[in-house]
file upload_2.pdb (PDB, C-alpha atoms)
ATOM      1  CA  MET I   1      39.213  20.959  43.665
ATOM      2  CA  ARG I   2      37.991  23.275  40.898
ATOM      3  CA  ILE I   3      39.722  26.211  42.525
ATOM      4  CA  LEU I   4      42.796  24.054  42.932
ATOM      5  CA  LEU I   5      42.746  23.069  39.264
ATOM      6  CA  LYS I   6      42.487  26.679  38.151
ATOM      7  CA  ILE I   7      45.436  27.602  40.390
ATOM      8  CA  LEU I   8      47.506  24.814  38.882
ATOM      9  CA  LEU I   9      46.673  25.866  35.341
ATOM     10  CA  ILE I  10      47.530  29.464  36.127
ATOM     11  CA  PHE I  11      50.789  28.332  37.733
ATOM     12  CA  ILE I  12      51.809  26.457  34.611
ATOM     13  CA  PHE I  13      50.668  28.647  31.784
ATOM     14  CA  SER I  14      50.460  32.260  32.892
ATOM     15  CA  THR I  15      52.319  34.952  34.770
ATOM     16  CA  THR I  16      51.548  38.373  36.144
ATOM     17  CA  ILE I  17      55.165  39.459  36.336
ATOM     18  CA  MET I  18      55.856  42.450  34.122
ATOM     19  CA  ASN I  19      59.633  42.155  33.890
ATOM     20  CA  ALA I  20      60.661  38.796  32.449
ATOM     21  CA  GLN I  21      64.359  39.158  33.207
ATOM     22  CA  ASN I  22      63.654  39.744  36.881
ATOM     23  CA  SER I  23      60.715  37.375  37.195
ATOM     24  CA  GLU I  24      60.509  34.418  39.491
ATOM     25  CA  GLU I  25      61.663  31.528  37.352
ATOM     26  CA  ARG I  26      59.167  28.730  36.724
ATOM     27  CA  TRP I  27      60.624  25.565  35.266
ATOM     28  CA  ASP I  28      58.919  22.446  34.017
ATOM     29  CA  THR I  29      59.892  19.267  32.168
ATOM     30  CA  TYR I  30      58.121  17.312  29.475
ATOM     31  CA  MET I  31      58.796  14.253  27.308
ATOM     32  CA  ALA I  32      58.076  14.007  23.611
ATOM     33  CA  THR I  33      58.831  11.746  20.653
ATOM     34  CA  TYR I  34      61.095  12.995  17.889
ATOM     35  CA  GLU I  35      62.994  11.488  14.952
ATOM     36  CA  ASP I  36      62.709   7.711  14.450
ATOM     37  CA  GLY I  37      60.316   7.491  17.386
ATOM     38  CA  LYS I  38      63.051   8.325  19.901
ATOM     39  CA  SER I  39      62.109  10.041  23.160
ATOM     40  CA  GLY I  40      63.520  13.383  24.205
ATOM     41  CA  SER I  41      63.280  15.362  27.416
ATOM     42  CA  THR I  42      62.972  19.147  27.566
ATOM     43  CA  THR I  43      63.400  21.231  30.709
ATOM     44  CA  LEU I  44      62.627  24.914  30.270
ATOM     45  CA  ARG I  45      61.482  28.185  31.752
ATOM     46  CA  MET I  46      57.752  28.433  31.152
ATOM     47  CA  ASP I  47      57.397  31.998  32.423
ATOM     48  CA  LEU I  48      59.108  33.744  29.512
ATOM     49  CA  ILE I  49      56.730  32.943  26.674
ATOM     50  CA  ASP I  50      54.579  36.084  26.965
ATOM     51  CA  TYR I  51      57.630  38.369  26.920
ATOM     52  CA  THR I  52      59.668  36.971  24.073
ATOM     53  CA  PRO I  53      61.520  38.082  22.114
ATOM     54  CA  ILE I  54      63.340  39.926  24.892
ATOM     55  CA  GLU I  55      65.132  42.996  23.611
ATOM     56  CA  HIS I  56      68.932  42.972  23.440
ATOM     57  CA  TYR I  57      69.209  39.217  24.047
ATOM     58  CA  ASP I  58      69.729  38.633  20.357
ATOM     59  CA  TYR I  59      71.941  35.532  20.323
ATOM     60  CA  VAL I  60      71.244  31.956  21.291
ATOM     61  CA  LEU I  61      74.078  29.854  22.661
ATOM     62  CA  VAL I  62      73.536  26.094  22.368
ATOM     63  CA  THR I  63      76.106  23.793  23.913
ATOM     64  CA  GLY I  64      76.535  20.467  25.654
ATOM     65  CA  LEU I  65      78.073  17.004  25.701
ATOM     66  CA  THR I  66      77.402  13.714  23.991
ATOM     67  CA  TYR I  67      77.333  10.831  26.485
ATOM     68  CA  GLU I  68      77.225   7.051  26.542
ATOM     69  CA  THR I  69      74.550   4.969  28.242
ATOM     70  CA  SER I  70      73.346   1.389  28.449
ATOM     71  CA  LYS I  71      69.698   2.432  28.751
ATOM     72  CA  GLU I  72      67.503   1.530  25.796
ATOM     73  CA  ASN I  73      65.662   4.864  25.939
ATOM     74  CA  GLY I  74      68.917   6.756  25.413
ATOM     75  CA  PHE I  75      68.766   8.669  28.681
ATOM     76  CA  PRO I  76      71.856   8.827  30.891
ATOM     77  CA  GLU I  77      72.531   6.716  33.940
ATOM     78  CA  ASN I  78      72.811   8.277  37.390
ATOM     79  CA  GLU I  79      76.563   8.853  37.317
ATOM     80  CA  THR I  80      76.363  10.448  33.887
ATOM     81  CA  PHE I  81      73.449  12.594  35.055
ATOM     82  CA  SER I  82      75.702  14.006  37.754
ATOM     83  CA  VAL I  83      78.361  14.865  35.182
ATOM     84  CA  LEU I  84      75.843  16.596  32.923
ATOM     85  CA  HIS I  85      74.396  18.640  35.790
ATOM     86  CA  LYS I  86      77.874  19.741  36.852
ATOM     87  CA  VAL I  87      78.663  20.749  33.278
ATOM     88  CA  ALA I  88      75.473  22.826  33.167
ATOM     89  CA  ASP I  89      76.425  24.602  36.413
ATOM     90  CA  ASP I  90      79.937  25.291  35.164
ATOM     91  CA  LEU I  91      78.630  26.639  31.858
ATOM     92  CA  ILE I  92      76.491  29.158  33.729
ATOM     93  CA  GLU I  93      79.597  30.486  35.490
ATOM     94  CA  ILE I  94      81.510  30.752  32.221
ATOM     95  CA  VAL I  95      78.728  32.597  30.403
ATOM     96  CA  GLU I  96      78.110  34.842  33.389
ATOM     97  CA  GLY I  97      81.742  35.951  33.254
ATOM     98  CA  GLU I  98      81.401  37.046  29.630
ATOM     99  CA  THR I  99      77.978  38.622  29.072
ATOM    100  CA  GLU I 100      74.463  39.065  30.399
ATOM    101  CA  PHE I 101      72.341  36.005  29.704
ATOM    102  CA  ILE I 102      69.050  34.200  30.263
ATOM    103  CA  LEU I 103      69.203  30.438  30.627
ATOM    104  CA  VAL I 104      65.977  29.187  29.031
ATOM    105  CA  GLY I 105      66.262  25.420  29.045
ATOM    106  CA  SER I 106      67.959  22.171  28.162
ATOM    107  CA  PHE I 107      67.176  19.420  25.680
ATOM    108  CA  MET I 108      68.233  15.799  26.080
ATOM    109  CA  PHE I 109      67.907  13.565  23.039
ATOM    110  CA  ASN I 110      69.866  10.892  21.165
ATOM    111  CA  TYR I 111      72.722  10.651  23.717
ATOM    112  CA  GLU I 112      73.208  14.397  23.933
ATOM    113  CA  ARG I 113      72.243  17.093  26.428
ATOM    114  CA  LEU I 114      72.256  20.674  25.226
ATOM    115  CA  GLU I 115      71.886  23.868  27.270
ATOM    116  CA  TYR I 116      70.171  26.912  25.732
ATOM    117  CA  PHE I 117      71.214  30.435  26.709
ATOM    118  CA  TYR I 118      70.080  33.747  25.237
ATOM    119  CA  ILE I 119      72.949  36.202  25.482
ATOM    120  CA  LYS I 120      73.594  39.855  24.701
ATOM    121  CA  GLU I 121      77.038  39.513  23.149
ATOM    122  CA  PRO I 122      79.043  36.469  22.012
ATOM    123  CA  LYS I 123      82.375  38.067  23.005
ATOM    124  CA  ASN I 124      84.893  35.305  23.840
ATOM    125  CA  ILE I 125      82.325  32.700  24.808
ATOM    126  CA  ILE I 126      83.186  30.220  22.062
ATOM    127  CA  SER I 127      86.879  30.059  22.944
ATOM    128  CA  LYS I 128      86.213  29.975  26.695
ATOM    129  CA  ILE I 129      83.753  27.072  26.441
ATOM    130  CA  GLU I 130      85.961  25.163  24.011
ATOM    131  CA  LYS I 131      88.842  25.410  26.475
ATOM    132  CA  PHE I 132      86.552  24.329  29.325
ATOM    133  CA  TYR I 133      85.522  21.165  27.490
ATOM    134  CA  LYS I 134      89.040  20.271  26.341
ATOM    135  CA  ASP I 135      90.530  20.819  29.801
ATOM    136  CA  ASN I 136      87.844  19.070  31.826
ATOM    137  CA  TYR I 137      86.100  16.588  29.508
ATOM    138  CA  PRO I 138      88.669  15.542  26.905
ATOM    139  CA  ASP I 139      86.992  12.154  26.354
ATOM    140  CA  TYR I 140      83.607  13.657  25.521
ATOM    141  CA  LYS I 141      82.394  14.969  22.192
ATOM    142  CA  PHE I 142      80.848  18.408  22.589
ATOM    143  CA  TYR I 143      78.480  20.653  20.636
ATOM    144  CA  LEU I 144      78.919  24.419  20.641
ATOM    145  CA  ASN I 145      77.149  27.017  18.520
ATOM    146  CA  VAL I 146      76.151  30.680  18.757
ATOM    147  CA  LYS I 147      73.553  32.074  16.343
ATOM    148  CA  GLU I 148      71.663  35.321  16.013
ATOM    149  CA  ASP I 149      68.044  34.684  17.024
ATOM    150  CA  LYS I 150      66.357  38.018  17.617
ATOM    151  CA  GLU I 151      62.902  36.448  17.364
ATOM    152  CA  TRP I 152      63.721  33.778  19.954
ATOM    153  CA  THR I 153      62.760  31.041  17.505
ATOM    154  CA  TYR I 154      64.667  28.326  19.348
ATOM    155  CA  TYR I 155      62.711  29.039  22.524
ATOM    156  CA  ARG I 156      59.286  29.717  21.045
ATOM    157  CA  ASP I 157      59.139  27.147  18.247
ATOM    158  CA  PHE I 158      61.393  24.353  19.451
ATOM    159  CA  LEU I 159      61.731  24.259  23.237
ATOM    160  CA  TYR I 160      58.315  25.585  24.224
ATOM    161  CA  PRO I 161      55.618  22.867  24.208
ATOM    162  CA  ASN I 162      52.762  22.876  21.718
ATOM    163  CA  GLU I 163      49.124  22.937  22.848
ATOM    164  CA  GLU I 164      48.825  19.161  23.011
ATOM    165  CA  ILE I 165      51.845  18.821  25.273
ATOM    166  CA  LYS I 166      50.721  21.731  27.470
ATOM    167  CA  ASN I 167      47.350  20.056  27.982
ATOM    168  CA  TYR I 168      49.106  16.813  28.903
ATOM    169  CA  MET I 169      51.315  18.699  31.361
ATOM    170  CA  ALA I 170      48.245  20.331  32.917
ATOM    171  CA  ASP I 171      46.645  16.934  33.553
ATOM    172  CA  GLN I 172      49.905  15.628  34.978
ATOM    173  CA  SER I 173      50.106  18.564  37.377
ATOM    174  CA  VAL I 174      46.626  17.910  38.740
ATOM    175  CA  LEU I 175      47.480  14.246  39.203
ATOM    176  CA  ARG I 176      50.691  15.138  41.034
ATOM    177  CA  ASN I 177      48.618  17.242  43.389
ATOM    178  CA  LEU I 178      46.251  14.338  44.017
ATOM    179  CA  GLU I 179      49.183  12.042  44.716
ATOM    180  CA  GLU I 180      50.653  14.543  47.153
ATOM    181  CA  ALA I 181      47.311  14.440  48.977
ATOM    182  CA  GLY I 182      47.613  10.664  49.344
ATOM    183  CA  ASP I 183      45.662   9.518  46.297
ATOM    184  CA  LYS I 184      47.138   6.450  44.542
ATOM    185  CA  LEU I 185      45.096   7.151  41.379
ATOM    186  CA  THR I 186      43.875   3.547  41.215
ATOM    187  CA  LYS I 187      40.208   4.084  42.086
ATOM    188  CA  ALA I 188      37.581   5.168  39.577
ATOM    189  CA  ARG I 189      35.566   8.137  40.804
ATOM    190  CA  ARG I 190      33.320  10.977  39.717
ATOM    191  CA  VAL I 191      35.147  13.466  37.501
ATOM    192  CA  ASP I 192      33.505  16.809  36.717
ATOM    193  CA  HIS I 193      34.289  18.795  33.570
ATOM    194  CA  TRP I 194      33.471  22.373  32.524
ATOM    195  CA  LEU I 195      32.870  23.647  28.999
ATOM    196  CA  TYR I 196      31.918  27.179  27.905
ATOM    197  CA  PHE I 197      30.101  28.507  24.824
ATOM    198  CA  SER I 198      29.093  31.813  23.298
ATOM    199  CA  GLU I 199      25.685  30.543  22.117
ATOM    200  CA  GLU I 200      23.049  28.566  24.017
ATOM    201  CA  LEU I 201      22.174  26.550  20.923
ATOM    202  CA  GLU I 202      25.783  25.354  20.550
ATOM    203  CA  MET I 203      25.924  24.445  24.226
ATOM    204  CA  ASN I 204      22.769  22.354  23.850
ATOM    205  CA  LYS I 205      24.197  20.536  20.832
ATOM    206  CA  CYS I 206      27.346  19.722  22.757
ATOM    207  CA  GLN I 207      25.308  18.573  25.719
ATOM    208  CA  GLU I 208      23.378  16.201  23.502
ATOM    209  CA  GLU I 209      26.551  14.696  22.083
ATOM    210  CA  LEU I 210      28.172  14.215  25.469
ATOM    211  CA  THR I 211      25.147  12.505  26.979
ATOM    212  CA  LYS I 212      25.495   9.894  24.231
ATOM    213  CA  SER I 213      28.952   9.190  25.697
ATOM    214  CA  ASN I 214      27.390   8.551  29.124
ATOM    215  CA  PHE I 215      28.199  11.951  30.602
ATOM    216  CA  LYS I 216      25.650  13.238  33.106
ATOM    217  CA  VAL I 217      24.707  16.925  33.073
ATOM    218  CA  GLN I 218      25.206  18.700  36.379
ATOM    219  CA  ASN I 219      24.455  22.184  35.098
ATOM    220  CA  ALA I 220      23.730  23.942  31.821
ATOM    221  CA  GLY I 221      23.040  27.650  31.897
ATOM    222  CA  ILE I 222      24.359  31.188  32.067
ATOM    223  CA  ASN I 223      27.488  32.134  33.995
ATOM    224  CA  LYS I 224      27.831  35.927  33.952
ATOM    225  CA  GLU I 225      31.376  35.785  35.349
ATOM    226  CA  THR I 226      32.913  34.162  32.273
ATOM    227  CA  THR I 227      33.832  35.519  28.824
ATOM    228  CA  LEU I 228      31.807  32.767  27.162
ATOM    229  CA  PRO I 229      28.510  33.066  29.063
ATOM    230  CA  TYR I 230      27.022  29.593  28.618
ATOM    231  CA  GLU I 231      28.426  27.052  31.042
ATOM    232  CA  LEU I 232      28.051  23.293  30.691
ATOM    233  CA  GLN I 233      29.130  21.126  33.617
ATOM    234  CA  VAL I 234      29.140  17.380  33.020
ATOM    235  CA  TRP I 235      30.431  14.400  34.966
ATOM    236  CA  ARG I 236      31.140  10.714  34.600
ATOM    237  CA  ILE I 237      32.709   7.905  36.623
ATOM    238  CA  ASP I 238      36.217   7.427  35.254
ATOM    239  CA  ASN I 239      39.745   6.429  36.197
ATOM    240  CA  VAL I 240      42.120   9.349  36.619
ATOM    241  CA  ASP I 241      45.576   7.972  35.914
ATOM    242  CA  ILE I 242      47.252   9.884  33.097
ATOM    243  CA  ASP I 243      46.612   7.173  30.485
ATOM    244  CA  SER I 244      42.900   7.302  31.313
ATOM    245  CA  ILE I 245      42.203  10.974  31.946
ATOM    246  CA  TYR I 246      44.267  12.542  29.153
ATOM    247  CA  PRO I 247      42.317  10.884  26.289
ATOM    248  CA  ILE I 248      39.102  12.037  27.978
ATOM    249  CA  THR I 249      40.166  15.667  28.343
ATOM    250  CA  SER I 250      41.598  15.677  24.820
ATOM    251  CA  ASN I 251      38.298  14.471  23.384
ATOM    252  CA  LEU I 252      36.323  17.021  25.408
ATOM    253  CA  ARG I 253      38.503  19.813  23.999
ATOM    254  CA  ILE I 254      37.770  18.570  20.483
ATOM    255  CA  VAL I 255      34.041  18.326  21.131
ATOM    256  CA  ALA I 256      33.913  21.797  22.708
ATOM    257  CA  GLN I 257      35.747  23.325  19.731
ATOM    258  CA  LYS I 258      33.367  21.561  17.359
ATOM    259  CA  TYR I 259      30.577  23.724  18.787
ATOM    260  CA  GLY I 260      32.607  26.906  19.032
ATOM    261  CA  GLY I 261      33.296  26.458  22.728
ATOM    262  CA  GLU I 262      36.205  25.936  25.091
ATOM    263  CA  TYR I 263      37.031  23.177  27.544
ATOM    264  CA  ASP I 264      37.959  24.662  30.917
ATOM    265  CA  GLY I 265      39.294  21.741  32.928
ATOM    266  CA  TRP I 266      38.247  19.097  35.397
ATOM    267  CA  GLU I 267      38.084  18.307  39.070
ATOM    268  CA  THR I 268      37.653  15.256  41.229
ATOM    269  CA  SER I 269      37.816  14.142  44.820
ATOM    270  CA  VAL I 270      40.892  12.831  46.613
ATOM    271  CA  GLU I 271      40.449   9.101  47.142
ATOM    272  CA  ARG I 272      42.661   7.592  49.843
ATOM    273  CA  GLU I 273      42.477   3.811  50.003
TER
END
call {"tool": "encode", "arguments": {"input": "upload_2.pdb", "output": "structure tokens"}}
result
Amino acid sequence: MRILLKILLIFIFSTTIMNAQNSEERWDTYMATYEDGKSGSTTLRMDLIDYTPIEHYDYVLVTGLTYETSKENGFPENETFSVLHKVADDLIEIVEGETEFILVGSFMFNYERLEYFYIKEPKNIISKIEKFYKDNYPDYKFYLNVKEDKEWTYYRDFLYPNEEIKNYMADQSVLRNLEEAGDKLTKARRVDHWLYFSEELEMNKCQEELTKSNFKVQNAGINKETTLPYELQVWRIDNVDIDSIYPITSNLRIVAQKYGGEYDGWETSVERE
């Protein structure tokens, strides 16, 4: 499982592809709370972050429809979802006919879904998309804007998840893998965690604090294969559903940082009932 966890983390947060424009696209989705406590959903390309800003793609095109729904959370119903997906596909064809582009994501919030493209030249995109909406979706209100964004601020600072959300997504990915292996995530089981430190004294202090929280120490010593050479492996019997495991991993990250260390993830067994 530890190898599996590392693979999952690498899959989510890193890439070895040197050319972002030609890379294999890796998409993910996350939920977050925004203004007035309302939920929003972001779907985006995770593989671009290490390569942005990408030269010559200096403009961001943001466009989409406002929709109606009876759902309290503000997300669209199935039929409306189909409309929004078709609009997104059609927008790609329109933009492709005008300029080179990179589709980086979409954002759904407050009865609106917006698509985000980085493009080389605006050309006639505004007029083409306006005509598309008026001809095909005359009953919908639409949003359409093109702005210069050479630093890729919309992607880096708005669409891309912060550290807290990325950690949550990492835990979710491990749980999805467990579920795919037949685990219903209802049974408490042993969960192992790894933390790394630059100084033995700091590792020992962390170890002492964690044992007060009923963690058992599996190993505490030198690992010559890691950047931070002092490895602390602890375990405890816990539930592993997302509402249980995420607060645990979040706290372990805080405790590790308190002693100048880093939390490096967790593993557990697959429990089929």
call {"tool": "resolve_selection", "arguments": {"input": "upload_2.pdb", "expression": "the PyMOL selection byres ((chain I and resi 236) around 12)", "output": "PyMOL selection string"}}
result
chain I and resi 188-193+210-218+233-235+237-240+245+248+266-268
call {"tool": "atom_distance", "arguments": {"input": "upload_2.pdb", "atom1": "atom CA of I:Tyr155", "atom2": "atom CA of I:Glu79"}}
result
28.6 Å
call {"tool": "atom_distance", "arguments": {"input": "upload_2.pdb", "atom1": "atom CA of I:Phe109", "atom2": "atom CA of I:Thr42"}}
result
8.7 Å
call {"tool": "resolve_selection", "arguments": {"input": "upload_2.pdb", "expression": "the PyMOL selection byres ((chain I and resi 152) around 8)", "output": "ChimeraX atom specification"}}
result
/I:52-54,58,60,149-151,153-156
call {"tool": "closest_residue", "arguments": {"input": "upload_2.pdb", "among": "I:Leu195, I:Asn110, I:Gly64, I:Val104", "to": "I:Glu25", "atoms": "only C-alpha atoms"}}
result
I:Val104
call {"tool": "closest_atom_pairs", "arguments": {"input": "upload_2.pdb", "of": "stretch 151-268 of chain I", "to": "stretch 28-32 of chain I", "cutoff": "12 Å", "atoms": "only C-alpha atoms", "output": "JSON lines"}}
result
{"residue": "I:Phe158", "atom": "CA", "partner": "I:Ala32", "partner_atom": "CA", "distance": 11.6}
{"residue": "I:Leu159", "atom": "CA", "partner": "I:Tyr30", "partner_atom": "CA", "distance": 10.0}
{"residue": "I:Tyr160", "atom": "CA", "partner": "I:Tyr30", "partner_atom": "CA", "distance": 9.8}
{"residue": "I:Pro161", "atom": "CA", "partner": "I:Tyr30", "partner_atom": "CA", "distance": 8.1}
{"residue": "I:Asn162", "atom": "CA", "partner": "I:Ala32", "partner_atom": "CA", "distance": 10.5}
{"residue": "I:Glu164", "atom": "CA", "partner": "I:Ala32", "partner_atom": "CA", "distance": 10.6}
{"residue": "I:Ile165", "atom": "CA", "partner": "I:Tyr30", "partner_atom": "CA", "distance": 7.7}
{"residue": "I:Lys166", "atom": "CA", "partner": "I:Tyr30", "partner_atom": "CA", "distance": 8.8}
{"residue": "I:Asn167", "atom": "CA", "partner": "I:Tyr30", "partner_atom": "CA", "distance": 11.2}
{"residue": "I:Tyr168", "atom": "CA", "partner": "I:Tyr30", "partner_atom": "CA", "distance": 9.0}
{"residue": "I:Met169", "atom": "CA", "partner": "I:Tyr30", "partner_atom": "CA", "distance": 7.2}
{"residue": "I:Ala170", "atom": "CA", "partner": "I:Tyr30", "partner_atom": "CA", "distance": 10.9}
{"residue": "I:Gln172", "atom": "CA", "partner": "I:Tyr30", "partner_atom": "CA", "distance": 10.0}
{"residue": "I:Ser173", "atom": "CA", "partner": "I:Asp28", "partner_atom": "CA", "distance": 10.2}
call {"tool": "atom_distance", "arguments": {"input": "upload_2.pdb", "atom1": "atom CA of I:Gln207", "atom2": "atom CA of I:Asp243"}}
result
24.6 Å
call {"tool": "closest_residue", "arguments": {"input": "upload_2.pdb", "among": "I:Ser250, I:Tyr111, I:Glu271, I:Leu144", "to": "I:Ser70", "atoms": "all atoms listed in the file"}}
result
I:Tyr111
call {"tool": "closest_residue", "arguments": {"input": "upload_2.pdb", "among": "I:Leu44, I:Val255, I:Leu103, I:Leu228", "to": "I:Tyr118", "atoms": "only C-alpha atoms"}}
result
I:Leu103
call {"tool": "resolve_selection", "arguments": {"input": "upload_2.pdb", "expression": "the PyMOL selection byres ((chain I and resi 100) around 10)", "output": "count of residues only"}}
result
15
call {"tool": "closest_residue", "arguments": {"input": "upload_2.pdb", "among": "I:Phe107, I:Lys134, I:Pro229, I:His85", "to": "I:Ser41", "atoms": "all atoms listed in the file"}}
result
I:Phe107
call {"tool": "residues_around", "arguments": {"input": "upload_2.pdb", "residues": "I:Leu232", "least_positions_apart": "3", "cutoff": "6 Å", "atoms": "all atoms listed in the file", "output": "list in words"}}
result
Trp194, Leu195, Asn219 and Ala220 of chain I
call {"tool": "closest_residue", "arguments": {"input": "upload_2.pdb", "among": "I:Asn124, I:Thr226, I:Thr43, I:Thr80", "to": "I:Ser198", "atoms": "only C-alpha atoms"}}
result
I:Thr226
call {"tool": "build_atoms", "arguments": {"input": "upload_2.pdb", "residues": "stretch 145-166 of chain I", "atoms": "N, CA and C atoms", "output": "compact mmCIF listing (two decimals), keeping the file's coordinate frame"}}
result
# COMPACT_ATOMS: atom_id res chain seq x y z
N ASN I 145 77.57 26.16 19.63
CA ASN I 145 77.15 27.02 18.52
C ASN I 145 76.51 28.29 19.08
N VAL I 146 76.80 29.40 18.44
CA VAL I 146 76.15 30.68 18.76
C VAL I 146 75.54 31.22 17.47
N LYS I 147 74.24 31.55 17.52
CA LYS I 147 73.55 32.07 16.34
C LYS I 147 72.73 33.30 16.73
N GLU I 148 72.57 34.20 15.79
CA GLU I 148 71.66 35.32 16.01
C GLU I 148 70.22 34.79 15.97
N ASP I 149 69.43 35.15 16.95
CA ASP I 149 68.04 34.68 17.02
C ASP I 149 67.21 35.77 17.70
N LYS I 150 67.07 36.88 17.04
CA LYS I 150 66.36 38.02 17.62
C LYS I 150 64.89 37.71 17.91
N GLU I 151 64.31 36.79 17.17
CA GLU I 151 62.90 36.45 17.36
C GLU I 151 62.70 35.33 18.38
N TRP I 152 63.78 34.85 18.96
CA TRP I 152 63.72 33.78 19.95
C TRP I 152 63.03 32.54 19.39
N THR I 153 63.38 32.18 18.17
CA THR I 153 62.76 31.04 17.50
C THR I 153 63.07 29.73 18.20
N TYR I 154 64.30 29.58 18.67
CA TYR I 154 64.67 28.33 19.35
C TYR I 154 63.78 28.10 20.58
N TYR I 155 63.54 29.17 21.32
CA TYR I 155 62.71 29.04 22.52
C TYR I 155 61.25 28.85 22.18
N ARG I 156 60.72 29.69 21.31
CA ARG I 156 59.29 29.72 21.04
C ARG I 156 58.82 28.52 20.21
N ASP I 157 59.60 28.15 19.21
CA ASP I 157 59.14 27.15 18.25
C ASP I 157 59.71 25.76 18.49
N PHE I 158 60.80 25.67 19.22
CA PHE I 158 61.39 24.35 19.45
C PHE I 158 61.26 23.90 20.90
N LEU I 159 61.75 24.68 21.84
CA LEU I 159 61.73 24.26 23.24
C LEU I 159 60.34 24.33 23.86
N TYR I 160 59.60 25.39 23.54
CA TYR I 160 58.32 25.58 24.22
C TYR I 160 57.30 24.56 23.71
N PRO I 161 56.54 23.94 24.62
CA PRO I 161 55.62 22.87 24.21
C PRO I 161 54.45 23.39 23.39
N ASN I 162 53.96 22.54 22.48
CA ASN I 162 52.76 22.88 21.72
C ASN I 162 51.52 22.69 22.59
N GLU I 163 50.35 22.98 22.05
CA GLU I 163 49.12 22.94 22.85
C GLU I 163 48.84 21.54 23.40
N GLU I 164 49.09 20.53 22.58
CA GLU I 164 48.82 19.16 23.01
C GLU I 164 49.68 18.80 24.22
N ILE I 165 50.95 19.13 24.16
CA ILE I 165 51.84 18.82 25.27
C ILE I 165 51.48 19.63 26.50
N LYS I 166 51.12 20.91 26.33
CA LYS I 166 50.72 21.73 27.47
C LYS I 166 49.49 21.16 28.16
